[in-house]
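Below is model_10.cif, holding mmCIF, C-alpha atoms.
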```
data_target
loop_
_atom_site.label_atom_id
_atom_site.label_comp_id
_atom_site.auth_asym_id
_atom_site.auth_seq_id
_atom_site.Cartn_x
_atom_site.Cartn_y
_atom_site.Cartn_z
CA MET A 1 -39.29 -165.27 31.91
CA GLU A 2 -41.32 -166.86 29.16
CA VAL A 3 -42.58 -163.43 28.06
CA VAL A 4 -39.02 -162.07 27.96
CA TRP A 5 -37.86 -165.13 25.99
CA ALA A 6 -40.74 -164.72 23.51
CA VAL A 7 -39.97 -161.03 23.04
CA GLY A 8 -36.30 -161.85 22.52
CA GLN A 9 -37.12 -164.48 19.93
CA LEU A 10 -39.47 -162.10 18.14
CA GLY A 11 -36.81 -159.39 18.12
CA ALA A 12 -34.19 -161.79 16.79
CA ALA A 13 -36.52 -162.95 14.03
CA TRP A 14 -37.31 -159.33 13.14
CA LEU A 15 -33.61 -158.44 12.88
CA ALA A 16 -32.92 -161.56 10.83
CA VAL A 17 -35.61 -160.58 8.33
CA VAL A 18 -34.28 -157.02 8.15
CA LEU A 19 -30.68 -158.13 7.70
CA GLY A 20 -31.52 -160.79 5.13
CA LEU A 21 -34.04 -158.87 3.03
CA VAL A 22 -32.70 -155.33 3.33
CA MET A 23 -29.17 -155.03 4.72
CA LEU A 24 -27.50 -157.63 2.50
CA PRO A 25 -29.17 -156.45 -0.74
CA SER A 26 -28.24 -152.86 0.18
CA ALA A 27 -24.59 -153.77 0.67
CA LEU A 28 -24.54 -155.55 -2.69
CA GLY A 29 -26.53 -152.83 -4.45
CA VAL A 30 -29.23 -155.23 -5.65
CA SER A 31 -32.99 -155.41 -5.27
CA LEU A 32 -35.11 -158.46 -4.44
CA GLY A 33 -38.17 -156.92 -6.10
CA ILE A 34 -40.02 -156.30 -2.82
CA SER A 35 -40.05 -152.50 -3.20
CA GLU A 36 -41.16 -152.82 -6.84
CA ALA A 37 -44.08 -155.05 -5.82
CA TYR A 38 -45.00 -152.64 -3.02
CA MET A 39 -44.97 -149.68 -5.42
CA TRP A 40 -47.14 -151.56 -7.93
CA VAL A 41 -49.77 -152.32 -5.27
CA LEU A 42 -49.57 -148.74 -4.03
CA VAL A 43 -50.04 -147.22 -7.49
CA LYS A 44 -53.04 -149.45 -8.21
CA THR A 45 -54.59 -148.57 -4.85
CA LEU A 46 -54.20 -144.84 -5.40
CA GLU A 47 -55.60 -145.12 -8.92
CA TRP A 48 -58.64 -146.96 -7.55
CA ALA A 49 -59.04 -144.36 -4.79
CA THR A 50 -58.92 -141.51 -7.31
CA ILE A 51 -61.58 -143.11 -9.51
CA ARG A 52 -63.72 -143.90 -6.48
CA LEU A 53 -63.41 -140.36 -5.21
CA GLN A 54 -64.48 -138.96 -8.55
CA LYS A 55 -67.51 -141.23 -8.71
CA SER A 56 -68.53 -140.52 -5.13
CA ALA A 57 -68.10 -136.79 -5.30
CA LYS A 58 -71.25 -134.73 -5.18
CA LYS A 59 -72.33 -133.04 -8.36
CA PRO A 60 -71.48 -129.32 -8.31
CA GLU A 61 -74.37 -126.93 -7.91
CA PRO A 62 -75.28 -124.93 -11.01
CA GLN A 63 -73.54 -121.59 -11.17
CA LEU A 64 -73.88 -118.50 -13.27
CA PRO A 65 -71.67 -118.35 -16.35
CA ARG A 66 -68.38 -116.66 -15.70
CA THR A 67 -65.21 -115.88 -17.53
CA PRO A 68 -62.69 -118.73 -17.36
CA THR A 69 -59.80 -117.98 -15.01
CA ALA A 70 -56.34 -119.32 -14.63
CA ASN A 71 -55.40 -122.17 -12.34
CA GLY A 72 -54.55 -119.73 -9.56
CA ILE A 73 -56.82 -118.25 -6.95
CA ILE A 74 -57.17 -115.00 -8.89
CA GLU A 75 -56.95 -114.00 -12.49
CA ARG A 76 -53.83 -112.00 -13.26
CA ASP A 77 -53.04 -109.86 -16.26
CA GLU A 78 -49.75 -110.89 -17.82
CA THR A 79 -49.16 -107.39 -19.20
CA PRO A 80 -45.92 -105.86 -17.85
CA MET A 81 -46.40 -103.18 -15.21
CA GLU A 82 -44.74 -100.52 -17.37
CA LYS A 83 -47.25 -101.10 -20.18
CA GLU A 84 -50.21 -101.11 -17.79
CA ILE A 85 -49.12 -97.78 -16.31
CA SER A 86 -48.68 -96.33 -19.79
CA LEU A 87 -52.35 -97.09 -20.43
CA LEU A 88 -53.40 -94.94 -17.51
CA HIS A 89 -54.75 -91.46 -18.12
CA ARG A 90 -51.85 -89.36 -19.45
CA ALA A 91 -53.11 -86.08 -18.05
CA ASP A 92 -52.22 -84.72 -14.66
CA PHE A 93 -52.17 -87.10 -11.77
CA GLU A 94 -55.58 -88.21 -10.58
CA PHE A 95 -56.49 -89.84 -7.30
CA SER A 96 -57.92 -92.85 -9.16
CA HIS A 97 -54.44 -93.79 -10.36
CA ILE A 98 -53.60 -95.22 -6.95
CA PHE A 99 -56.22 -97.93 -7.42
CA TYR A 100 -53.86 -99.65 -9.86
CA PHE A 101 -51.28 -100.10 -7.10
CA CYS A 102 -54.01 -101.11 -4.65
CA ARG A 103 -55.07 -103.88 -7.03
CA LYS A 104 -51.49 -105.08 -7.38
CA GLY A 105 -51.15 -105.10 -3.61
CA PHE A 106 -54.36 -107.12 -3.14
CA GLU A 107 -53.20 -109.64 -5.75
CA ALA A 108 -49.89 -110.09 -3.95
CA ILE A 109 -51.66 -110.62 -0.61
CA VAL A 110 -54.21 -113.11 -1.95
CA GLU A 111 -51.79 -115.14 -4.03
CA ASP A 112 -48.18 -114.29 -3.25
CA GLU A 113 -45.88 -116.16 -5.63
CA VAL A 114 -43.07 -116.13 -3.05
CA THR A 115 -44.56 -117.16 0.29
CA GLN A 116 -46.73 -119.88 -1.26
CA ARG A 117 -43.48 -121.66 -2.21
CA PHE A 118 -42.83 -122.16 1.50
CA SER A 119 -45.90 -124.35 2.05
CA SER A 120 -46.77 -127.81 0.76
CA GLU A 121 -47.88 -127.95 -2.84
CA GLU A 122 -51.54 -128.66 -3.61
CA LEU A 123 -52.44 -132.17 -4.79
CA LEU A 124 -54.90 -132.78 -7.60
CA SER A 125 -56.26 -135.88 -5.92
CA TRP A 126 -56.34 -137.41 -2.45
CA ASN A 127 -53.42 -139.77 -1.74
CA LEU A 128 -55.07 -141.47 1.27
CA LEU A 129 -52.75 -139.60 3.64
CA THR A 130 -54.37 -136.22 4.29
CA ARG A 131 -56.83 -133.91 2.65
CA THR A 132 -54.48 -131.46 0.96
CA ASN A 133 -57.21 -129.91 -1.18
CA VAL A 134 -60.12 -128.00 0.30
CA ASN A 135 -62.36 -129.35 -2.46
CA PHE A 136 -62.28 -132.85 -0.92
CA HIS A 137 -65.28 -132.84 1.41
CA TYR A 138 -66.87 -136.23 0.77
CA ILE A 139 -65.33 -139.69 1.15
CA SER A 140 -67.22 -142.93 0.56
CA LEU A 141 -67.35 -145.78 3.08
CA LYS A 142 -65.02 -147.93 0.98
CA LEU A 143 -62.44 -145.15 0.84
CA THR A 144 -62.69 -144.75 4.60
CA VAL A 145 -62.08 -148.48 5.12
CA VAL A 146 -59.06 -148.39 2.80
CA TRP A 147 -57.76 -145.32 4.64
CA VAL A 148 -58.04 -147.12 8.01
CA ILE A 149 -56.19 -150.14 6.60
CA GLY A 150 -53.54 -147.77 5.28
CA VAL A 151 -53.10 -146.18 8.72
CA ILE A 152 -52.61 -149.62 10.26
CA VAL A 153 -50.06 -150.62 7.60
CA ARG A 154 -48.14 -147.36 7.80
CA TYR A 155 -47.97 -147.05 11.59
CA CYS A 156 -47.93 -150.69 12.71
CA PHE A 157 -45.68 -152.21 10.03
CA LEU A 158 -43.90 -149.63 7.89
CA LEU A 159 -42.98 -147.25 10.73
CA PRO A 160 -41.25 -149.91 12.91
CA LEU A 161 -39.48 -151.31 9.85
CA ARG A 162 -38.30 -147.89 8.71
CA PHE A 163 -37.23 -146.90 12.22
CA THR A 164 -35.19 -150.11 12.49
CA LEU A 165 -33.53 -149.49 9.13
CA ALA A 166 -32.80 -145.87 9.97
CA ALA A 167 -31.21 -146.85 13.28
CA ILE A 168 -29.09 -149.52 11.59
CA GLY A 169 -28.08 -147.14 8.82
CA ILE A 170 -27.04 -144.36 11.22
CA MET A 171 -25.16 -146.72 13.55
CA SER A 172 -23.43 -148.37 10.59
CA MET A 173 -22.40 -144.94 9.30
CA ILE A 174 -20.91 -143.93 12.66
CA VAL A 175 -19.12 -147.22 13.33
CA GLY A 176 -17.99 -147.74 9.72
CA THR A 177 -16.57 -144.28 9.15
CA THR A 178 -14.89 -144.27 12.56
CA ALA A 179 -13.16 -147.57 11.78
CA VAL A 180 -12.13 -146.47 8.28
CA GLY A 181 -10.87 -143.18 9.70
CA GLN A 182 -8.17 -145.05 11.64
CA LEU A 183 -6.52 -146.24 8.42
CA PRO A 184 -3.68 -144.27 6.81
CA ASN A 185 -4.59 -142.02 3.90
CA GLY A 186 -4.49 -143.81 0.58
CA ARG A 187 -6.47 -145.68 -2.02
CA VAL A 188 -7.62 -148.38 0.40
CA LYS A 189 -9.03 -145.82 2.82
CA ASN A 190 -10.77 -143.91 0.04
CA TYR A 191 -12.27 -147.09 -1.40
CA LEU A 192 -13.56 -148.35 1.95
CA SER A 193 -14.93 -144.88 2.78
CA GLU A 194 -16.95 -144.85 -0.43
CA VAL A 195 -18.24 -148.38 0.26
CA VAL A 196 -19.38 -147.40 3.76
CA HIS A 197 -21.06 -144.19 2.57
CA LEU A 198 -22.85 -145.88 -0.34
CA THR A 199 -24.01 -148.85 1.73
CA CYS A 200 -25.35 -146.72 4.59
CA SER A 201 -27.05 -144.30 2.19
CA ARG A 202 -28.79 -147.20 0.46
CA ILE A 203 -30.02 -148.47 3.82
CA LEU A 204 -31.36 -145.03 4.71
CA VAL A 205 -33.11 -144.75 1.33
CA ARG A 206 -34.79 -148.07 1.99
CA ALA A 207 -35.80 -146.71 5.40
CA LEU A 208 -37.83 -144.14 3.44
CA SER A 209 -39.19 -146.70 0.96
CA GLY A 210 -37.37 -144.63 -1.62
CA THR A 211 -37.80 -145.21 -5.33
CA ILE A 212 -35.33 -143.02 -7.20
CA HIS A 213 -34.91 -142.75 -10.95
CA TYR A 214 -31.51 -141.43 -12.04
CA HIS A 215 -31.22 -139.99 -15.53
CA ASN A 216 -28.16 -139.19 -17.69
CA LYS A 217 -25.69 -140.92 -15.41
CA GLU A 218 -22.87 -140.08 -17.82
CA ASN A 219 -23.06 -136.53 -16.39
CA ARG A 220 -22.53 -137.56 -12.79
CA PRO A 221 -20.26 -135.16 -10.85
CA ARG A 222 -16.56 -135.99 -10.96
CA LYS A 223 -13.80 -135.46 -8.42
CA GLY A 224 -12.54 -131.93 -8.10
CA GLY A 225 -15.90 -130.46 -9.14
CA ILE A 226 -18.88 -128.84 -7.45
CA CYS A 227 -22.34 -130.41 -7.53
CA VAL A 228 -25.21 -127.92 -7.11
CA ALA A 229 -28.86 -128.93 -6.83
CA ASN A 230 -32.24 -127.46 -5.97
CA HIS A 231 -33.24 -127.97 -2.35
CA THR A 232 -36.53 -129.46 -1.17
CA SER A 233 -35.66 -131.53 1.87
CA PRO A 234 -32.81 -132.57 4.18
CA ILE A 235 -33.03 -136.00 2.56
CA ASP A 236 -31.81 -134.50 -0.74
CA ALA A 237 -28.28 -135.37 0.35
CA ILE A 238 -29.25 -139.00 1.01
CA ILE A 239 -31.00 -139.20 -2.35
CA LEU A 240 -27.80 -138.11 -4.14
CA THR A 241 -25.31 -140.11 -2.05
CA ASN A 242 -27.34 -143.22 -2.83
CA ASP A 243 -25.82 -143.04 -6.33
CA GLY A 244 -22.38 -141.58 -5.58
CA CYS A 245 -20.17 -140.12 -2.88
CA TYR A 246 -19.82 -136.41 -2.15
CA ALA A 247 -18.00 -134.14 0.25
CA MET A 248 -20.63 -132.32 2.29
CA VAL A 249 -20.45 -128.66 3.23
CA GLY A 250 -22.22 -127.28 6.26
CA GLN A 251 -22.16 -125.96 9.79
CA VAL A 252 -21.02 -128.01 12.75
CA HIS A 253 -23.98 -129.22 14.83
CA GLY A 254 -24.41 -130.80 18.23
CA GLY A 255 -26.28 -133.90 19.34
CA LEU A 256 -26.69 -136.89 17.03
CA MET A 257 -25.92 -134.82 13.93
CA GLY A 258 -22.65 -133.68 15.51
CA ILE A 259 -21.66 -137.27 16.27
CA ILE A 260 -22.30 -138.23 12.64
CA GLN A 261 -20.31 -135.23 11.38
CA ARG A 262 -17.31 -135.99 13.58
CA ALA A 263 -17.34 -139.64 12.54
CA THR A 264 -17.74 -139.12 8.79
CA VAL A 265 -15.07 -136.43 8.52
CA LYS A 266 -12.49 -138.96 9.73
CA ALA A 267 -13.07 -141.12 6.66
CA CYS A 268 -14.05 -138.51 4.06
CA PRO A 269 -12.87 -134.89 3.53
CA HIS A 270 -16.17 -133.21 4.35
CA VAL A 271 -16.01 -129.45 4.93
CA TRP A 272 -17.61 -128.54 8.27
CA PHE A 273 -17.54 -124.98 9.61
CA GLU A 274 -17.94 -123.66 13.12
CA ARG A 275 -20.76 -121.16 13.70
CA SER A 276 -18.25 -118.29 13.85
CA GLU A 277 -16.48 -119.44 10.68
CA ILE A 278 -19.60 -119.81 8.53
CA LYS A 279 -20.08 -116.03 8.74
CA ASP A 280 -16.56 -115.42 7.40
CA ARG A 281 -17.20 -115.46 3.67
CA HIS A 282 -13.52 -115.27 2.73
CA LEU A 283 -12.59 -118.19 4.98
CA VAL A 284 -15.39 -120.34 3.53
CA THR A 285 -14.34 -119.51 -0.04
CA LYS A 286 -10.69 -120.26 0.74
CA ARG A 287 -11.39 -123.71 2.20
CA LEU A 288 -13.71 -124.64 -0.65
CA ARG A 289 -11.15 -123.52 -3.24
CA GLU A 290 -8.49 -125.64 -1.56
CA HIS A 291 -10.82 -128.62 -1.71
CA VAL A 292 -11.70 -128.12 -5.38
CA ALA A 293 -8.03 -127.64 -6.31
CA ASP A 294 -7.30 -131.22 -5.19
CA LYS A 295 -8.58 -133.35 -8.05
CA SER A 296 -8.34 -136.50 -5.93
CA LYS A 297 -11.05 -135.33 -3.51
CA LEU A 298 -14.74 -136.05 -3.90
CA PRO A 299 -16.98 -133.42 -5.53
CA ILE A 300 -18.50 -130.88 -3.15
CA LEU A 301 -22.29 -131.02 -2.73
CA ILE A 302 -23.92 -127.59 -2.29
CA PHE A 303 -27.53 -126.40 -2.24
CA PRO A 304 -27.19 -122.73 -3.31
CA GLU A 305 -30.78 -121.76 -2.40
CA GLY A 306 -29.87 -122.00 1.27
CA THR A 307 -33.33 -123.19 2.32
CA CYS A 308 -35.97 -125.76 1.37
CA ILE A 309 -38.48 -124.84 -1.37
CA ASN A 310 -41.71 -126.77 -1.88
CA ASN A 311 -40.79 -128.88 -4.93
CA THR A 312 -42.48 -126.50 -7.38
CA SER A 313 -39.85 -123.79 -7.87
CA VAL A 314 -36.20 -122.86 -7.87
CA MET A 315 -35.33 -119.61 -6.11
CA MET A 316 -32.27 -117.41 -6.22
CA PHE A 317 -28.90 -119.16 -6.03
CA LYS A 318 -26.37 -117.58 -3.68
CA LYS A 319 -23.38 -116.46 -5.75
CA GLY A 320 -20.75 -117.71 -3.29
CA SER A 321 -20.79 -121.25 -4.71
CA PHE A 322 -20.05 -119.89 -8.17
CA GLU A 323 -17.09 -117.71 -7.16
CA ILE A 324 -14.96 -120.67 -6.15
CA GLY A 325 -14.02 -121.70 -9.65
CA GLY A 326 -13.87 -125.18 -11.13
CA THR A 327 -16.52 -127.16 -12.96
CA ILE A 328 -20.15 -126.98 -11.87
CA TYR A 329 -22.26 -130.15 -12.16
CA PRO A 330 -25.95 -129.14 -12.00
CA VAL A 331 -28.48 -131.66 -10.67
CA ALA A 332 -32.28 -131.34 -10.79
CA ILE A 333 -34.36 -133.16 -8.16
CA LYS A 334 -38.12 -133.50 -8.51
CA TYR A 335 -40.24 -135.45 -6.00
CA ASP A 336 -43.59 -137.07 -6.75
CA PRO A 337 -45.97 -135.68 -4.08
CA GLN A 338 -48.58 -138.35 -4.79
CA PHE A 339 -46.77 -140.81 -2.50
CA GLY A 340 -45.54 -138.43 0.18
CA ASP A 341 -44.65 -134.79 0.68
CA ALA A 342 -40.86 -134.52 0.93
CA PHE A 343 -40.86 -130.76 1.50
CA TRP A 344 -39.63 -129.64 4.92
CA ASN A 345 -41.47 -126.57 6.16
CA SER A 346 -38.93 -125.76 8.88
CA SER A 347 -41.01 -122.83 10.13
CA LYS A 348 -43.90 -125.20 10.90
CA TYR A 349 -42.32 -128.56 11.79
CA ASN A 350 -39.15 -129.37 13.69
CA ILE A 351 -36.86 -132.06 12.34
CA VAL A 352 -38.36 -134.82 14.52
CA SER A 353 -41.93 -134.06 13.41
CA TYR A 354 -40.78 -133.85 9.82
CA LEU A 355 -39.03 -137.23 9.90
CA LEU A 356 -42.11 -138.79 11.51
CA ARG A 357 -44.26 -137.45 8.67
CA ILE A 358 -41.80 -138.81 6.12
CA MET A 359 -41.61 -142.25 7.73
CA THR A 360 -45.40 -142.54 7.94
CA SER A 361 -45.98 -141.60 4.31
CA TRP A 362 -46.40 -144.21 1.59
CA ALA A 363 -43.02 -143.77 -0.04
CA ILE A 364 -40.50 -141.24 -1.32
CA VAL A 365 -40.45 -141.25 -5.11
CA CYS A 366 -38.32 -138.83 -7.10
CA ASN A 367 -36.44 -138.25 -10.34
CA VAL A 368 -32.84 -137.06 -10.45
CA TRP A 369 -31.37 -135.57 -13.60
CA TYR A 370 -27.62 -135.12 -14.01
CA LEU A 371 -27.10 -132.15 -16.32
CA PRO A 372 -24.01 -131.57 -18.50
CA PRO A 373 -21.15 -129.84 -16.64
CA MET A 374 -20.99 -126.05 -16.87
CA VAL A 375 -18.09 -123.61 -16.50
CA ARG A 376 -18.07 -119.88 -15.99
CA LYS A 377 -17.58 -117.82 -19.16
CA GLU A 378 -14.97 -115.10 -19.42
CA ASP A 379 -17.51 -112.28 -19.74
CA GLU A 380 -19.77 -113.70 -17.01
CA ASP A 381 -19.84 -112.68 -13.36
CA ALA A 382 -20.79 -115.01 -10.51
CA VAL A 383 -24.42 -113.82 -10.39
CA GLN A 384 -24.96 -114.37 -14.12
CA PHE A 385 -23.33 -117.79 -13.91
CA ALA A 386 -25.55 -118.74 -10.95
CA ASN A 387 -28.66 -117.62 -12.84
CA ARG A 388 -27.64 -119.65 -15.89
CA VAL A 389 -27.16 -122.80 -13.80
CA ARG A 390 -30.48 -122.19 -12.02
CA SER A 391 -32.31 -121.81 -15.33
CA ALA A 392 -30.91 -125.13 -16.56
CA ILE A 393 -32.03 -126.93 -13.40
CA ALA A 394 -35.50 -125.35 -13.53
CA ARG A 395 -36.05 -126.32 -17.17
CA GLN A 396 -34.95 -129.93 -16.65
CA GLY A 397 -36.96 -130.45 -13.46
CA GLY A 398 -40.10 -128.71 -14.73
CA LEU A 399 -39.80 -126.16 -11.92
CA THR A 400 -40.79 -122.50 -11.86
CA GLU A 401 -37.82 -120.15 -11.84
CA LEU A 402 -38.14 -117.28 -9.38
CA PRO A 403 -35.62 -114.47 -8.80
CA TRP A 404 -36.49 -114.09 -5.11
CA ASP A 405 -34.17 -114.91 -2.23
CA GLY A 406 -35.20 -118.00 -0.27
CA GLY A 407 -34.16 -116.13 2.87
CA LEU A 408 -37.58 -114.45 2.74
CA LYS A 409 -38.85 -117.67 4.30
CA ARG A 410 -37.65 -116.41 7.68
CA ALA A 411 -36.53 -112.79 7.22
CA LYS A 412 -38.50 -109.68 6.33
CA VAL A 413 -37.99 -107.83 3.08
CA LYS A 414 -35.11 -105.37 3.37
CA ASP A 415 -35.97 -101.68 3.45
CA THR A 416 -33.51 -101.04 0.62
CA PHE A 417 -35.49 -103.38 -1.62
CA LYS A 418 -38.73 -101.62 -0.77
CA GLU A 419 -37.16 -98.24 -1.54
CA GLU A 420 -35.86 -99.55 -4.86
CA GLN A 421 -39.35 -100.69 -5.85
CA GLN A 422 -40.80 -97.32 -4.83
CA LYS A 423 -38.26 -95.55 -7.02
CA ASN A 424 -39.12 -97.82 -9.95
CA TYR A 425 -42.83 -97.08 -9.55
CA SER A 426 -42.23 -93.34 -9.43
CA LYS A 427 -40.01 -93.48 -12.53
CA MET A 428 -42.74 -95.39 -14.39
CA LEU A 429 -45.34 -92.77 -13.44
CA VAL A 430 -43.14 -89.86 -14.47
CA ARG A 431 -41.99 -91.50 -17.70
CA ASN A 432 -45.54 -92.33 -18.77
CA GLY A 433 -46.84 -88.84 -18.06
CA SER A 434 -49.10 -89.81 -15.17
CA VAL A 435 -47.42 -87.29 -12.90
CA GLY A 436 -46.95 -83.69 -13.93
#
```
Could you express the structure from this file as structure tokens?
Amino acid sequence: MEVVWAVGQLGAAWLAVVLGLVMLPSALGVSLGISEAYMWVLVKTLEWATIRLQKSAKKPEPQLPRTPTANGIIERDETPMEKEISLLHRADFEFSHIFYFCRKGFEAIVEDEVTQRFSSEELLSWNLLTRTNVNFHYISLKLTVVWVIGVIVRYCFLLPLRFTLAAIGIMSMIVGTTAVGQLPNGRVKNYLSEVVHLTCSRILVRALSGTIHYHNKENRPRKGGICVANHTSPIDAIILTNDGCYAMVGQVHGGLMGIIQRATVKACPHVWFERSEIKDRHLVTKRLREHVADKSKLPILIFPEGTCINNTSVMMFKKGSFEIGGTIYPVAIKYDPQFGDAFWNSSKYNIVSYLLRIMTSWAIVCNVWYLPPMVRKEDEDAVQFANRVRSAIARQGGLTELPWDGGLKRAKVKDTFKEEQQKNYSKMLVRNGSVG
């Protein structure tokens, strides 16, 4: 009995600390300075670790002089393919001409600019979490001791705290939105719904030790508009709802996610589709247009890439989001990988493993830029408009802009695309006189 009483007292004290130091400040939207102090200590520790690692590293063995290469694995020529082919021998076709295409194929295999966006980005220095760079082979005794202390802090203190906050945030979201959903439609219901969503999102951000810097808040999405952002992680939605409320768009799920979806839609006009409906493009467009036409409804939040990219690039935006009409509010999200890798490699980790990795990292630090609203021009089709919005997001976030479809993360390249590339290669050869 005494053991049970002691455990109960310990649990009550733990909840009191969480409610007093986290829940109440989250509801009021204020900070007690605890996270700022934690980040200061963390930054200083990582700076010390980087300096220590540099001093302790072995001196590189002398090597023969070589031509400087780019930062990539291989050195690429930036000359366009058409110009390179034009430099080939202009006489009749020779067997040696195929070596050009062989070289291009080897370059793509060794350092593919598409598939490497579906794996975690390389760090320049060790962040005391994992060795993400193959060049880190030696660690001093002091660094090892600090790493062990970090493991204890992250798994024995931060993980239980974050798990508690996440559970409170999710339960508060379900209970709060269910209660608000019973009220009649009106200003009071809308106001309370926004309060519940903002409060619970702030709790969940604190469950990730999130430090988010929002820029250009005057450009925040307004009601009746569409917010589009680059996609790195499932927590992107939490990062954005921490600063404002949105109507989510997505497929109906089962389990815990389904319970949350059914509860939140009672209080807020989220747009959830059944599995059979999500394939009906016209039905999806119709429901989204109806939502946008009502200027009293919250802005829709959409991630046009359709999959998570590793925080270094922005891939092709699906044109469907840009056919709806209305004002587009672009948002650029850029995470700082030094404190934790926010990228979700769904082909490697399931959602539970991913959340465990997130909750055992140091922190989630990111910058969010609200870009000026954009509208579709008269002489612009949906694809051109999507590309223009993507370019703006890439420039602001310092991300690489790639024209490839993020669906290549799971699907194979279509045969029609391969045939199109083969036709282009043959046209280049014929036009430049390498054939016939």
- From the set A:Pro299, A:Pro337, A:Pro304, A:Pro330, which residue has the shortest atom-to-atom contact distance to Val368 of chain A, counting only C-alpha atoms?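 So, comparing all the options, the nearest one is A:Pro330.
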Set out as CSV a contact list for segment 294-355 of chain A and segment 251-270 of chain A with a cut-off of 12 Å, giving each residue of segment 294-355 of chain A that qualifies its closest atom pair and distance in Å to one decimal, counting all atoms listed in the file, ordered by chain and rising residue number.
```
residue,atom,partner,partner_atom,distance
A:Asp294,CA,A:Pro269,CA,11.0
A:Ser296,CA,A:Pro269,CA,10.6
A:Lys297,CA,A:Pro269,CA,7.3
A:Leu298,CA,A:Pro269,CA,7.7
A:Pro299,CA,A:His270,CA,9.9
A:Ile300,CA,A:His270,CA,8.2
A:Leu301,CA,A:His270,CA,9.6
A:Ile302,CA,A:His270,CA,11.7
A:Ile351,CA,A:Met257,CA,11.4
```
- Message: At a cut-off of 8 Å, using only C-alpha atoms, what residues contact segment 230-233 of chain A? Leave out same-chain residues fewer than 2 positions from it and give the result as a ChimeraX atom specification.
- Response: /A:228,235-236,303-311,314,331-333,342-344,393
- So, counting all atoms listed in the file, which residue among A:Ala166, A:Val389, A:Leu42, A:Val292 is closest to Gly224 of chain A? A:Val292
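Across A:Cys245, A:Met359, A:Ile226, A:Ile364, the tightest approach to Leu161 of chain A is made by A:Met359 when counting all atoms listed in the file.
Put simply, atom CA of Leu124 of chain A is 24.7 Å away from atom CA of Ser353 of chain A.
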- Message: Here is a test: counting only C-alpha atoms, which residue of A:Phe339, A:Phe385, A:Tyr354, A:Tyr329 is nearest to Trp369 of chain A?
- Response: A:Tyr329
